[in-house]
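Dropping structure.txt in here (compact mmCIF, C-alpha atoms):
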```txt
# COMPACT_ATOMS: atom_id res chain seq x y z
CA MET A 205 0.00 0.00 0.00
CA GLN A 206 1.51 3.32 -1.07
CA LEU A 207 0.82 7.02 -0.66
CA THR A 208 2.27 9.60 -3.05
CA PHE A 209 2.07 13.24 -2.01
CA LEU A 210 1.32 15.51 -4.97
CA GLY A 211 0.82 18.64 -2.88
CA THR A 212 1.58 19.53 0.74
CA SER A 213 1.03 23.30 0.96
CA SER A 214 -2.02 25.02 2.40
CA GLY A 215 -3.87 27.89 0.76
CA ALA A 216 -1.37 28.66 -1.98
CA PRO A 217 1.51 26.84 -3.67
CA THR A 218 5.15 27.67 -3.10
CA ARG A 219 8.10 27.03 -5.38
CA GLN A 220 8.61 23.62 -3.79
CA ARG A 221 5.14 22.61 -2.63
CA ASN A 222 1.87 22.46 -4.52
CA VAL A 223 -1.54 22.52 -2.85
CA SER A 224 -3.34 19.47 -1.49
CA ALA A 225 -3.50 16.15 -3.34
CA THR A 226 -2.59 12.64 -2.18
CA ALA A 227 -2.60 9.46 -4.29
CA ILE A 228 -3.17 6.09 -2.65
CA GLN A 229 -2.41 2.76 -4.34
CA PRO A 230 -3.10 -0.81 -3.26
CA GLU A 231 -0.29 -3.35 -3.15
CA ARG A 232 -1.27 -4.93 -6.46
CA GLY A 233 -2.24 -3.42 -9.78
CA ARG A 234 -2.01 0.07 -11.26
CA GLN A 235 -5.35 1.38 -10.01
CA TRP A 236 -5.32 4.23 -7.52
CA VAL A 237 -7.47 6.69 -5.61
CA LEU A 238 -6.92 10.44 -5.22
CA VAL A 239 -7.76 12.40 -2.07
CA ASP A 240 -8.23 16.09 -2.93
CA CYS A 241 -7.22 17.72 -6.19
CA GLY A 242 -5.74 21.17 -5.70
CA GLU A 243 -4.80 23.42 -8.58
CA ALA A 244 -2.20 21.92 -10.97
CA THR A 245 -2.53 18.39 -9.61
CA GLN A 246 -2.43 17.09 -13.17
CA HIS A 247 0.93 18.83 -13.64
CA GLN A 248 2.23 17.07 -10.53
CA LEU A 249 1.08 13.74 -11.93
CA LEU A 250 3.37 14.23 -14.94
CA ARG A 251 6.32 13.76 -12.58
CA THR A 252 5.05 10.43 -11.28
CA ARG A 253 4.25 6.98 -12.65
CA LEU A 254 0.56 7.38 -11.87
CA SER A 255 -1.75 7.21 -14.88
CA PRO A 256 -4.95 9.29 -14.87
CA LEU A 257 -6.53 6.53 -16.93
CA GLN A 258 -6.09 4.13 -13.98
CA LEU A 259 -7.65 6.54 -11.51
CA GLN A 260 -10.71 4.91 -9.91
CA ALA A 261 -12.06 7.59 -7.57
CA VAL A 262 -11.46 11.17 -6.49
CA LEU A 263 -12.33 11.89 -2.86
CA ILE A 264 -12.70 15.61 -2.14
CA THR A 265 -12.61 16.63 1.51
CA HIS A 266 -14.18 20.08 1.03
CA VAL A 267 -14.91 22.79 -1.49
CA HIS A 268 -12.06 25.21 -0.67
CA GLY A 269 -9.99 25.95 -3.73
CA ASP A 270 -6.68 24.54 -2.53
CA HIS A 271 -8.43 21.16 -2.35
CA CYS A 272 -10.52 21.12 -5.53
CA TYR A 273 -9.50 23.74 -8.11
CA GLY A 274 -7.52 21.12 -10.02
CA LEU A 275 -10.52 18.85 -10.50
CA PRO A 276 -11.93 20.27 -13.79
CA GLY A 277 -8.52 20.19 -15.46
CA LEU A 278 -7.82 16.63 -14.40
CA LEU A 279 -11.23 15.43 -15.61
CA ALA A 280 -10.76 17.29 -18.91
CA SER A 281 -7.35 15.69 -19.46
CA CYS A 282 -8.87 12.25 -18.83
CA GLN A 283 -11.33 13.04 -21.63
CA LEU A 284 -8.59 14.24 -24.00
CA ASN A 285 -6.55 11.12 -23.27
CA GLY A 286 -9.42 8.89 -24.37
CA ARG A 287 -10.73 7.67 -21.06
CA THR A 288 -13.78 5.41 -21.37
CA ALA A 289 -13.81 3.75 -17.94
CA PRO A 290 -16.16 5.09 -15.26
CA LEU A 291 -14.79 7.45 -12.62
CA THR A 292 -16.30 8.06 -9.19
CA LEU A 293 -16.25 11.48 -7.55
CA VAL A 294 -17.01 11.67 -3.83
CA GLY A 295 -17.43 14.88 -1.87
CA PRO A 296 -19.82 17.45 -0.44
CA ALA A 297 -22.69 18.56 -2.65
CA ALA A 298 -20.99 21.95 -3.07
CA VAL A 299 -18.16 20.26 -5.00
CA TRP A 300 -20.62 18.85 -7.52
CA ARG A 301 -22.31 22.25 -7.95
CA TYR A 302 -18.92 23.85 -8.51
CA LEU A 303 -18.00 21.26 -11.13
CA GLN A 304 -21.35 21.60 -12.91
CA ALA A 305 -20.85 25.38 -13.14
CA VAL A 306 -17.42 24.90 -14.70
CA ILE A 307 -18.80 22.36 -17.16
CA GLU A 308 -21.60 24.74 -18.17
CA HIS A 309 -19.55 27.89 -18.56
CA THR A 310 -16.41 26.44 -20.14
CA GLU A 311 -18.08 23.87 -22.40
CA LEU A 312 -16.15 21.09 -20.70
CA ARG A 313 -17.05 17.79 -22.33
CA ILE A 314 -16.92 14.53 -20.38
CA ASP A 315 -18.10 11.47 -22.29
CA TYR A 316 -16.92 8.76 -19.90
CA PRO A 317 -19.30 7.86 -17.05
CA LEU A 318 -18.75 10.23 -14.12
CA GLU A 319 -20.55 9.12 -10.98
CA PHE A 320 -20.99 11.57 -8.13
CA VAL A 321 -21.51 10.22 -4.60
CA GLU A 322 -22.35 12.77 -1.94
CA VAL A 323 -20.22 12.08 1.11
CA SER A 324 -21.98 11.24 4.37
CA ARG A 325 -21.44 9.42 7.64
CA THR A 326 -22.97 6.32 6.05
CA LEU A 327 -20.62 6.25 3.07
CA GLU A 328 -19.54 2.71 2.20
CA LEU A 329 -17.76 2.46 -1.12
CA GLU A 330 -15.27 0.09 -2.69
CA ARG A 331 -12.99 1.56 -5.34
CA GLY A 332 -9.42 0.99 -6.40
CA GLY A 333 -8.94 -1.96 -4.06
CA PHE A 334 -10.08 -0.04 -0.97
CA SER A 335 -13.13 0.03 1.24
CA ILE A 336 -13.84 3.73 1.82
CA THR A 337 -15.73 5.36 4.67
CA ALA A 338 -15.95 8.98 5.85
CA THR A 339 -15.94 11.04 9.04
CA GLU A 340 -17.15 14.63 9.31
CA LEU A 341 -14.64 17.18 10.58
CA SER A 342 -14.68 20.69 12.04
CA HIS A 343 -13.82 23.45 9.56
CA ARG A 344 -15.25 26.70 8.17
CA THR A 345 -17.18 24.70 5.62
CA GLU A 346 -18.41 21.12 5.41
CA CYS A 347 -15.28 18.98 5.50
CA TRP A 348 -14.51 15.26 5.74
CA ALA A 349 -11.82 12.67 6.38
CA TYR A 350 -11.63 9.42 4.43
CA ARG A 351 -10.59 6.03 5.75
CA LEU A 352 -9.21 3.69 3.11
CA GLN A 353 -8.81 0.05 4.08
CA GLU A 354 -7.64 -2.86 1.96
CA ALA A 355 -10.70 -4.53 0.50
CA HIS A 356 -9.14 -7.85 -0.48
CA VAL A 357 -6.46 -9.31 1.77
CA PRO A 358 -4.88 -12.56 0.50
CA VAL A 359 -5.97 -15.59 2.48
CA ARG A 360 -4.06 -18.58 3.76
CA LEU A 361 -5.16 -21.97 5.01
CA ASP A 362 -5.59 -22.26 8.77
CA THR A 363 -3.38 -25.35 9.07
CA GLU A 364 -3.26 -25.08 12.86
CA ARG A 365 -7.01 -25.51 13.09
CA LEU A 366 -7.03 -28.33 10.57
CA GLN A 367 -4.41 -30.28 12.42
CA ALA A 368 -6.19 -29.65 15.72
CA GLU A 369 -9.20 -31.30 14.09
CA ARG A 370 -7.00 -34.23 13.01
CA VAL A 371 -6.92 -33.28 9.33
CA MET A 372 -3.33 -33.98 8.39
CA PRO A 373 -1.48 -32.41 5.43
CA SER A 374 -2.50 -33.92 2.10
CA PRO A 375 -3.55 -32.82 -1.40
CA LEU A 376 -6.88 -31.91 0.18
CA TYR A 377 -5.20 -28.85 1.67
CA GLY A 378 -4.87 -27.33 -1.80
CA ARG A 379 -8.54 -27.80 -2.52
CA LEU A 380 -9.53 -26.37 0.85
CA GLN A 381 -7.42 -23.28 0.20
CA GLN A 382 -9.36 -22.76 -3.02
CA GLY A 383 -12.52 -22.66 -0.92
CA GLU A 384 -13.84 -26.01 -2.14
CA HIS A 385 -16.02 -28.48 -0.25
CA VAL A 386 -14.14 -31.72 0.38
CA THR A 387 -15.05 -35.08 1.87
CA LEU A 388 -12.47 -36.68 4.16
CA PRO A 389 -11.74 -40.43 4.17
CA ASP A 390 -13.59 -40.69 7.49
CA GLY A 391 -16.70 -39.18 5.89
CA ARG A 392 -16.47 -35.70 7.37
CA GLU A 393 -17.32 -32.83 5.02
CA LEU A 394 -15.38 -29.58 5.21
CA ASP A 395 -16.10 -26.19 3.64
CA GLY A 396 -12.78 -24.69 2.59
CA ARG A 397 -14.09 -21.15 3.10
CA GLU A 398 -14.36 -21.84 6.81
CA TYR A 399 -10.66 -22.75 7.01
CA CYS A 400 -9.22 -19.77 5.15
CA ILE A 401 -8.04 -16.78 7.16
CA ALA A 402 -6.45 -13.45 6.25
CA SER A 403 -2.70 -13.61 5.68
CA TYR A 404 -2.27 -10.39 7.65
CA PRO A 405 -4.53 -7.67 9.15
CA ALA A 406 -6.00 -5.35 6.53
CA ARG A 407 -4.00 -2.16 6.24
CA ALA A 408 -5.83 1.13 6.68
CA VAL A 409 -5.06 4.84 6.52
CA VAL A 410 -7.10 7.91 7.42
CA VAL A 411 -6.52 11.00 5.27
CA ALA A 412 -8.15 14.04 6.83
CA GLY A 413 -9.15 17.34 5.32
CA ASP A 414 -8.88 20.64 7.17
CA ASN A 415 -9.87 20.20 10.79
CA ASP A 416 -9.40 21.97 14.11
CA GLN A 417 -10.63 19.04 16.24
CA PRO A 418 -8.49 15.93 15.64
CA GLU A 419 -10.41 14.09 18.35
CA LEU A 420 -13.34 13.77 15.92
CA LEU A 421 -11.30 11.03 14.24
CA GLY A 422 -11.21 8.74 17.25
CA GLU A 423 -13.47 6.03 15.87
CA ALA A 424 -12.16 6.31 12.30
CA CYS A 425 -8.57 5.77 13.50
CA GLU A 426 -9.25 2.52 15.31
CA GLY A 427 -6.89 -0.10 13.90
CA VAL A 428 -5.19 2.16 11.35
CA GLN A 429 -1.47 2.05 10.75
CA LEU A 430 -1.26 5.67 9.62
CA LEU A 431 -2.99 9.02 10.08
CA VAL A 432 -2.44 11.75 7.50
CA HIS A 433 -3.56 15.07 8.96
CA GLU A 434 -3.06 18.75 8.34
CA ALA A 435 -0.64 20.67 10.55
CA THR A 436 -1.00 24.15 9.11
CA TYR A 437 0.75 25.96 11.97
CA THR A 438 2.95 25.57 14.97
CA GLU A 439 1.22 26.07 18.30
CA GLU A 440 2.78 29.52 18.69
CA VAL A 441 1.59 30.75 15.30
CA LEU A 442 -1.89 29.27 15.80
CA GLN A 443 -2.26 31.35 18.95
CA GLN A 444 -1.34 34.44 16.92
CA VAL A 445 -3.67 33.59 14.03
CA GLY A 446 -6.57 32.69 16.29
CA PRO A 447 -9.30 30.07 15.92
CA GLU A 448 -11.17 31.58 12.95
CA PRO A 449 -9.35 29.67 10.15
CA GLN A 450 -10.23 26.41 11.97
CA HIS A 451 -6.97 24.59 11.32
CA SER A 452 -4.85 22.38 13.54
CA CYS A 453 -1.35 22.91 14.79
CA ALA A 454 1.22 20.11 14.83
CA ALA A 455 1.04 19.76 18.61
CA GLN A 456 -2.74 19.23 18.57
CA VAL A 457 -2.55 16.42 16.05
CA ALA A 458 0.41 14.82 17.81
CA CYS A 459 -1.40 14.80 21.16
CA PHE A 460 -4.39 13.08 19.57
CA ALA A 461 -2.21 10.48 17.80
CA GLU A 462 -0.34 9.76 21.02
CA ALA A 463 -3.52 9.38 23.04
CA ARG A 464 -4.93 6.95 20.47
CA ALA A 465 -1.62 5.05 20.11
CA ILE A 466 -1.66 5.50 16.34
CA PRO A 467 1.56 3.85 15.13
CA ALA A 468 2.51 6.45 12.51
CA LEU A 469 1.64 10.10 11.89
CA LEU A 470 2.21 11.94 8.62
CA LEU A 471 1.73 15.69 8.75
CA THR A 472 0.93 17.79 5.67
CA HIS A 473 -0.89 20.99 4.52
CA PHE A 474 1.76 23.37 5.85
CA SER A 475 1.36 27.13 5.77
CA PRO A 476 3.60 28.72 3.09
CA ARG A 477 5.26 30.72 5.86
CA TYR A 478 7.25 27.59 6.85
CA LEU A 479 10.27 27.17 4.59
CA LEU A 480 12.25 24.07 3.74
CA ARG A 481 15.46 26.09 3.66
CA PRO A 482 15.24 29.27 5.75
CA ARG A 483 17.77 31.87 4.63
CA ARG A 484 17.12 34.82 6.90
CA PRO A 485 16.87 35.03 10.69
CA ARG A 486 13.17 35.89 10.58
CA ASP A 487 12.29 32.97 8.29
CA LEU A 488 10.32 30.13 9.85
CA SER A 489 11.61 26.60 9.29
CA ILE A 490 9.30 23.69 8.61
CA GLU A 491 11.36 21.84 11.22
CA LEU A 492 9.53 23.89 13.85
CA LEU A 493 6.45 21.84 13.02
CA ARG A 494 8.39 18.61 13.45
CA ALA A 495 9.72 19.74 16.82
CA ASP A 496 6.22 20.71 18.00
CA ALA A 497 4.83 17.31 17.06
CA ALA A 498 7.78 15.28 18.35
CA HIS A 499 7.40 16.86 21.78
CA HIS A 500 3.99 15.19 22.14
CA TYR A 501 4.22 12.03 20.01
CA SER A 502 6.37 8.93 20.44
CA GLY A 503 5.38 7.02 17.29
CA THR A 504 6.78 7.18 13.77
CA LEU A 505 6.56 10.81 12.64
CA TYR A 506 6.95 12.23 9.14
CA LEU A 507 6.46 15.63 7.52
CA ALA A 508 5.31 15.08 3.95
CA GLN A 509 7.03 16.70 1.00
CA ASP A 510 5.82 16.83 -2.58
CA PHE A 511 6.53 13.65 -4.59
CA GLU A 512 7.55 11.62 -1.58
CA ILE A 513 6.18 8.07 -1.58
CA TYR A 514 5.36 6.28 1.65
CA GLY A 515 4.57 2.60 2.05
CA ILE A 516 2.62 0.60 4.59
CA ALA A 517 4.08 -2.90 4.74
CA ARG A 518 2.05 -6.01 5.50
CA ASN A 519 3.38 -5.96 9.03
CA GLY A 520 1.98 -2.45 9.45
CA GLU A 521 5.30 -0.65 9.36
CA VAL A 522 5.21 2.77 7.66
CA SER A 523 8.32 3.94 5.84
CA LEU A 524 9.52 6.49 3.31
CA LEU A 525 10.03 4.59 0.06
CA SER A 526 11.14 7.39 -2.24
CA GLU A 527 12.97 10.64 -1.75
CA GLN A 528 12.14 11.85 -5.24
CA ALA A 529 11.05 15.16 -3.76
CA ARG A 530 14.60 15.95 -2.73
CA ASP A 531 15.86 15.06 -6.19
CA GLN A 532 13.22 17.35 -7.70
CA ARG A 533 14.21 20.24 -5.43
CA SER A 534 17.86 19.99 -6.38
CA ASN A 535 16.88 20.97 -9.91
CA HIS A 536 15.30 24.24 -8.85
CA THR A 537 16.61 27.50 -7.50
CA VAL A 538 15.58 27.94 -3.91
CA SER A 539 14.37 31.42 -3.04
CA ASN A 540 13.12 32.93 0.17
CA ARG A 541 9.67 31.67 -0.84
CA GLU A 542 11.15 28.20 -1.42
```
As structure tokens:
Amino acid sequence: MQLTFLGTSSGAPTRQRNVSATAIQPERGRQWVLVDCGEATQHQLLRTRLSPLQLQAVLITHVHGDHCYGLPGLLASCQLNGRTAPLTLVGPAAVWRYLQAVIEHTELRIDYPLEFVEVSRTLELERGGFSITATELSHRTECWAYRLQEAHVPVRLDTERLQAERVMPSPLYGRLQQGEHVTLPDGRELDGREYCIASYPARAVVVAGDNDQPELLGEACEGVQLLVHEATYTEEVLQQVGPEPQHSCAAQVACFAEARAIPALLLTHFSPRYLLRPRRPRDLSIELLRADAAHHYSGTLYLAQDFEIYGIARNGEVSLLSEQARDQRSNHTVSNRE
């Protein structure tokens, strides 16, 4: 299971960070799901191996521009590239109204089936190899988090149970693993489906939109290996900005993740004021966010950067798989605005 960050800035892009978009892929196949689609997401995709034609669903957290302005362009490019497969769009009703206005006034043509599903607390959807549910958040407008859990975990034969029931290894094991009904020499009948168990616990991640109350994610985060959450400010700056923007600081999210014993925390959606490479004494470093979070959280902590790829292994371990972002940055001139 992999996550590719296509944008990690809040509000506006910087030279090194685009606005919100995160791609999530299952372990097998080329299909993928996109959470949020900020402006120029399709440009970011050109620097990855992700194909828009393999995109199965777009999950929009809320209607603010840094999370959805890239949607019309991405859908239009899918049309120009000859897409015929259906595509599912999930989000608040306001996102669909926005898209319909763009279609009407720009003569955007979409011939492939585009299914809109209005997000709700009862959302249950399977796309791209994931079972998808949603949790409502606290923001200035209707906003949601999405939980994506593996829908199809490989199974193995429960040999311990079989041998406890005096069914010794034989060619029948192969048939049982295929889910067949078999008759034993002693006349007993076994249903193979009852003796197949998951090879490992299903992996799950929660990707949250903008939110000033991380505790709302308590139930959604049960059993997840990773939480991806905004950390727009440090605690000090949040106190200066005040509560009106309804964003979280790194310390808030870290306290929640620690209290819930979430194994790994990946922070994103950073204010443009935090620079990757501060050059002047008054510049704020993005490492301030890391320090704020690390003071409250003892698990595996990451600060996302554009084009980084993270993996969740079958044993639940979260790790950085690709440092492509750093290679990309080395090809650009770094200014005071990154």
Could you name the residues that touch Ile401 in chain A at 12 Å or less, counting all atoms listed in the file, but leaving out those on the same chain fewer than 2 positions away, as a list in words?
His356, Val357, Pro358, Val359, Arg360, Leu361, Asp362, Thr363, Glu364, Arg365, Leu380, Gln381, Gln382, Gly383, Gly396, Arg397, Glu398, Tyr399, Ser403, Tyr404, Pro405 and Ala406 of chain A
Writer output for current selection, C-alpha atoms, as a PDB file, keeping the file's coordinate frame:
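Below is the file that was written, selection-v3.pdb:
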```pdb
ATOM      1  CA  HIS A 356      -9.140  -7.850  -0.480  1.00  0.00           C
ATOM      2  CA  VAL A 357      -6.460  -9.310   1.770  1.00  0.00           C
ATOM      3  CA  PRO A 358      -4.880 -12.560   0.500  1.00  0.00           C
ATOM      4  CA  VAL A 359      -5.970 -15.590   2.480  1.00  0.00           C
ATOM      5  CA  ARG A 360      -4.060 -18.580   3.760  1.00  0.00           C
ATOM      6  CA  LEU A 361      -5.160 -21.970   5.010  1.00  0.00           C
ATOM      7  CA  ASP A 362      -5.590 -22.260   8.770  1.00  0.00           C
ATOM      8  CA  THR A 363      -3.380 -25.350   9.070  1.00  0.00           C
ATOM      9  CA  GLU A 364      -3.260 -25.080  12.860  1.00  0.00           C
ATOM     10  CA  ARG A 365      -7.010 -25.510  13.090  1.00  0.00           C
ATOM     11  CA  LEU A 380      -9.530 -26.370   0.850  1.00  0.00           C
ATOM     12  CA  GLN A 381      -7.420 -23.280   0.200  1.00  0.00           C
ATOM     13  CA  GLN A 382      -9.360 -22.760  -3.020  1.00  0.00           C
ATOM     14  CA  GLY A 383     -12.520 -22.660  -0.920  1.00  0.00           C
ATOM     15  CA  GLY A 396     -12.780 -24.690   2.590  1.00  0.00           C
ATOM     16  CA  ARG A 397     -14.090 -21.150   3.100  1.00  0.00           C
ATOM     17  CA  GLU A 398     -14.360 -21.840   6.810  1.00  0.00           C
ATOM     18  CA  TYR A 399     -10.660 -22.750   7.010  1.00  0.00           C
ATOM     19  CA  SER A 403      -2.700 -13.610   5.680  1.00  0.00           C
ATOM     20  CA  TYR A 404      -2.270 -10.390   7.650  1.00  0.00           C
ATOM     21  CA  PRO A 405      -4.530  -7.670   9.150  1.00  0.00           C
ATOM     22  CA  ALA A 406      -6.000  -5.350   6.530  1.00  0.00           C
TER      23      ALA A 406
END
```
Residue nearest Thr218 in chain A - candidates A:Tyr478, A:Tyr506, A:Phe460, A:Phe511, atoms counted: only C-alpha atoms
A:Tyr478
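Distance check against Asn415 in chain A using all atoms listed in the file: of A:Arg464, A:Arg483, A:His343, A:Arg379, the minimum falls on A:His343.
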Could you list, as an MDAnalysis selection string, every residue within 6 Å of range 430-447 of chain A, counting all atoms listed in the file and ignoring same-chain residues fewer than 2 positions away?
chainID A and resid 409:412 428 449:450 452:454 468:475 493
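The space between CA of Met205 in chain A and CA of Glu322 in chain A spans 25.8 Å.
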Which distance in Å separates CA of Arg313 in chain A and CA of Leu278 in chain A, to one decimal?
12.2 Å
Show which residues sit within 12 Å of Val321 in chain A, as number ranges by chain. Count only C-alpha atoms, and ignore same-chain residues fewer than 3 positions away.
A: 261-264, 291-300, 318, 324, 326-329, 336-338
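Shortest atom-to-atom contact with Ala216 in chain A among A:Arg325, A:Arg484, A:His268, A:His451: A:His268, counting only C-alpha atoms.
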Polymer residues at most 12 Å from (-21.8, 18.0, -17.5) by all atoms listed in the file, as a list in words:
Pro276, Leu279, Ala280, Trp300, Arg301, Tyr302, Leu303, Gln304, Ala305, Val306, Ile307, Glu308, His309, Thr310, Glu311, Leu312, Arg313, Ile314, Asp315, Tyr316, Pro317, Leu318, Glu319 and Phe320 of chain A
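What separates CA of Tyr501 in chain A from CA of Val457 in chain A is a distance of 9.0 Å.
You can rank A:Glu491, A:Glu384, A:Glu369, A:Asp414 by their closest distance to Glu340 in chain A using only C-alpha atoms, and at the top of that list sits A:Asp414.
Closest approach to Leu480 in chain A among A:Val267, A:Leu507, A:Leu376, A:Leu257 is made by A:Leu507 (distances from only C-alpha atoms).
The nearest approach to Asp496 in chain A among the residues A:Leu254, A:Cys241, A:Ala458, A:Leu525, with all atoms listed in the file taken into account, belongs to A:Ala458.
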Name the residues within 10 Å of (-0.5, 21.7, -2.2), counting only C-alpha atoms in the file's coordinates, and put them as an MDAnalysis selection string.
chainID A and resid 209:218 220:226 240:245 248 270:271 472:476 509:510
Please return range 303-311 of chain A, rebuilt to all heavy atoms, as a compact mmCIF listing (two decimals), in the coordinates of the input.
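Produced file selection01.txt, reproduced below:
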```txt
# COMPACT_ATOMS: atom_id res chain seq x y z
N LEU A 303 -18.41 21.93 -9.90
CA LEU A 303 -18.00 21.26 -11.13
C LEU A 303 -19.03 21.47 -12.24
O LEU A 303 -18.67 21.72 -13.40
CB LEU A 303 -17.79 19.77 -10.88
CG LEU A 303 -17.31 18.94 -12.07
CD1 LEU A 303 -15.98 19.46 -12.59
CD2 LEU A 303 -17.21 17.48 -11.68
N GLN A 304 -20.31 21.39 -11.91
CA GLN A 304 -21.35 21.60 -12.91
C GLN A 304 -21.30 23.02 -13.47
O GLN A 304 -21.54 23.22 -14.67
CB GLN A 304 -22.73 21.32 -12.30
CG GLN A 304 -22.98 19.86 -11.97
CD GLN A 304 -22.80 18.96 -13.18
OE1 GLN A 304 -23.43 19.14 -14.22
NE2 GLN A 304 -21.91 17.98 -13.04
N ALA A 305 -20.98 24.00 -12.65
CA ALA A 305 -20.85 25.38 -13.14
C ALA A 305 -19.69 25.51 -14.12
O ALA A 305 -19.80 26.18 -15.15
CB ALA A 305 -20.67 26.33 -11.96
N VAL A 306 -18.57 24.86 -13.79
CA VAL A 306 -17.42 24.90 -14.70
C VAL A 306 -17.75 24.22 -16.03
O VAL A 306 -17.43 24.72 -17.11
CB VAL A 306 -16.19 24.22 -14.04
CG1 VAL A 306 -15.04 24.12 -15.04
CG2 VAL A 306 -15.75 25.00 -12.81
N ILE A 307 -18.41 23.07 -15.94
CA ILE A 307 -18.80 22.36 -17.16
C ILE A 307 -19.70 23.24 -18.04
O ILE A 307 -19.51 23.35 -19.26
CB ILE A 307 -19.53 21.04 -16.80
CG1 ILE A 307 -18.53 20.04 -16.21
CG2 ILE A 307 -20.21 20.43 -18.03
CD1 ILE A 307 -19.16 18.77 -15.67
N GLU A 308 -20.66 23.91 -17.41
CA GLU A 308 -21.60 24.74 -18.17
C GLU A 308 -20.92 25.93 -18.82
O GLU A 308 -21.15 26.23 -20.00
CB GLU A 308 -22.72 25.22 -17.24
CG GLU A 308 -23.72 26.15 -17.94
CD GLU A 308 -24.77 26.70 -16.99
OE1 GLU A 308 -24.79 26.26 -15.81
OE2 GLU A 308 -25.55 27.57 -17.43
N HIS A 309 -20.08 26.62 -18.08
CA HIS A 309 -19.55 27.89 -18.56
C HIS A 309 -18.26 27.77 -19.36
O HIS A 309 -17.84 28.76 -19.97
CB HIS A 309 -19.37 28.85 -17.38
CG HIS A 309 -20.65 29.23 -16.72
ND1 HIS A 309 -21.60 30.02 -17.32
CD2 HIS A 309 -21.17 28.89 -15.50
CE1 HIS A 309 -22.63 30.18 -16.51
NE2 HIS A 309 -22.40 29.50 -15.40
N THR A 310 -17.63 26.61 -19.34
CA THR A 310 -16.41 26.44 -20.14
C THR A 310 -16.59 25.41 -21.24
O THR A 310 -15.62 25.08 -21.92
CB THR A 310 -15.23 26.02 -19.24
OG1 THR A 310 -15.47 24.70 -18.72
CG2 THR A 310 -15.04 27.00 -18.09
N GLU A 311 -17.80 24.89 -21.38
CA GLU A 311 -18.08 23.87 -22.40
C GLU A 311 -17.20 22.64 -22.24
O GLU A 311 -16.76 22.04 -23.22
CB GLU A 311 -17.96 24.46 -23.81
CG GLU A 311 -18.91 25.63 -24.06
CD GLU A 311 -18.84 26.15 -25.48
OE1 GLU A 311 -18.13 25.54 -26.31
OE2 GLU A 311 -19.49 27.17 -25.76
```
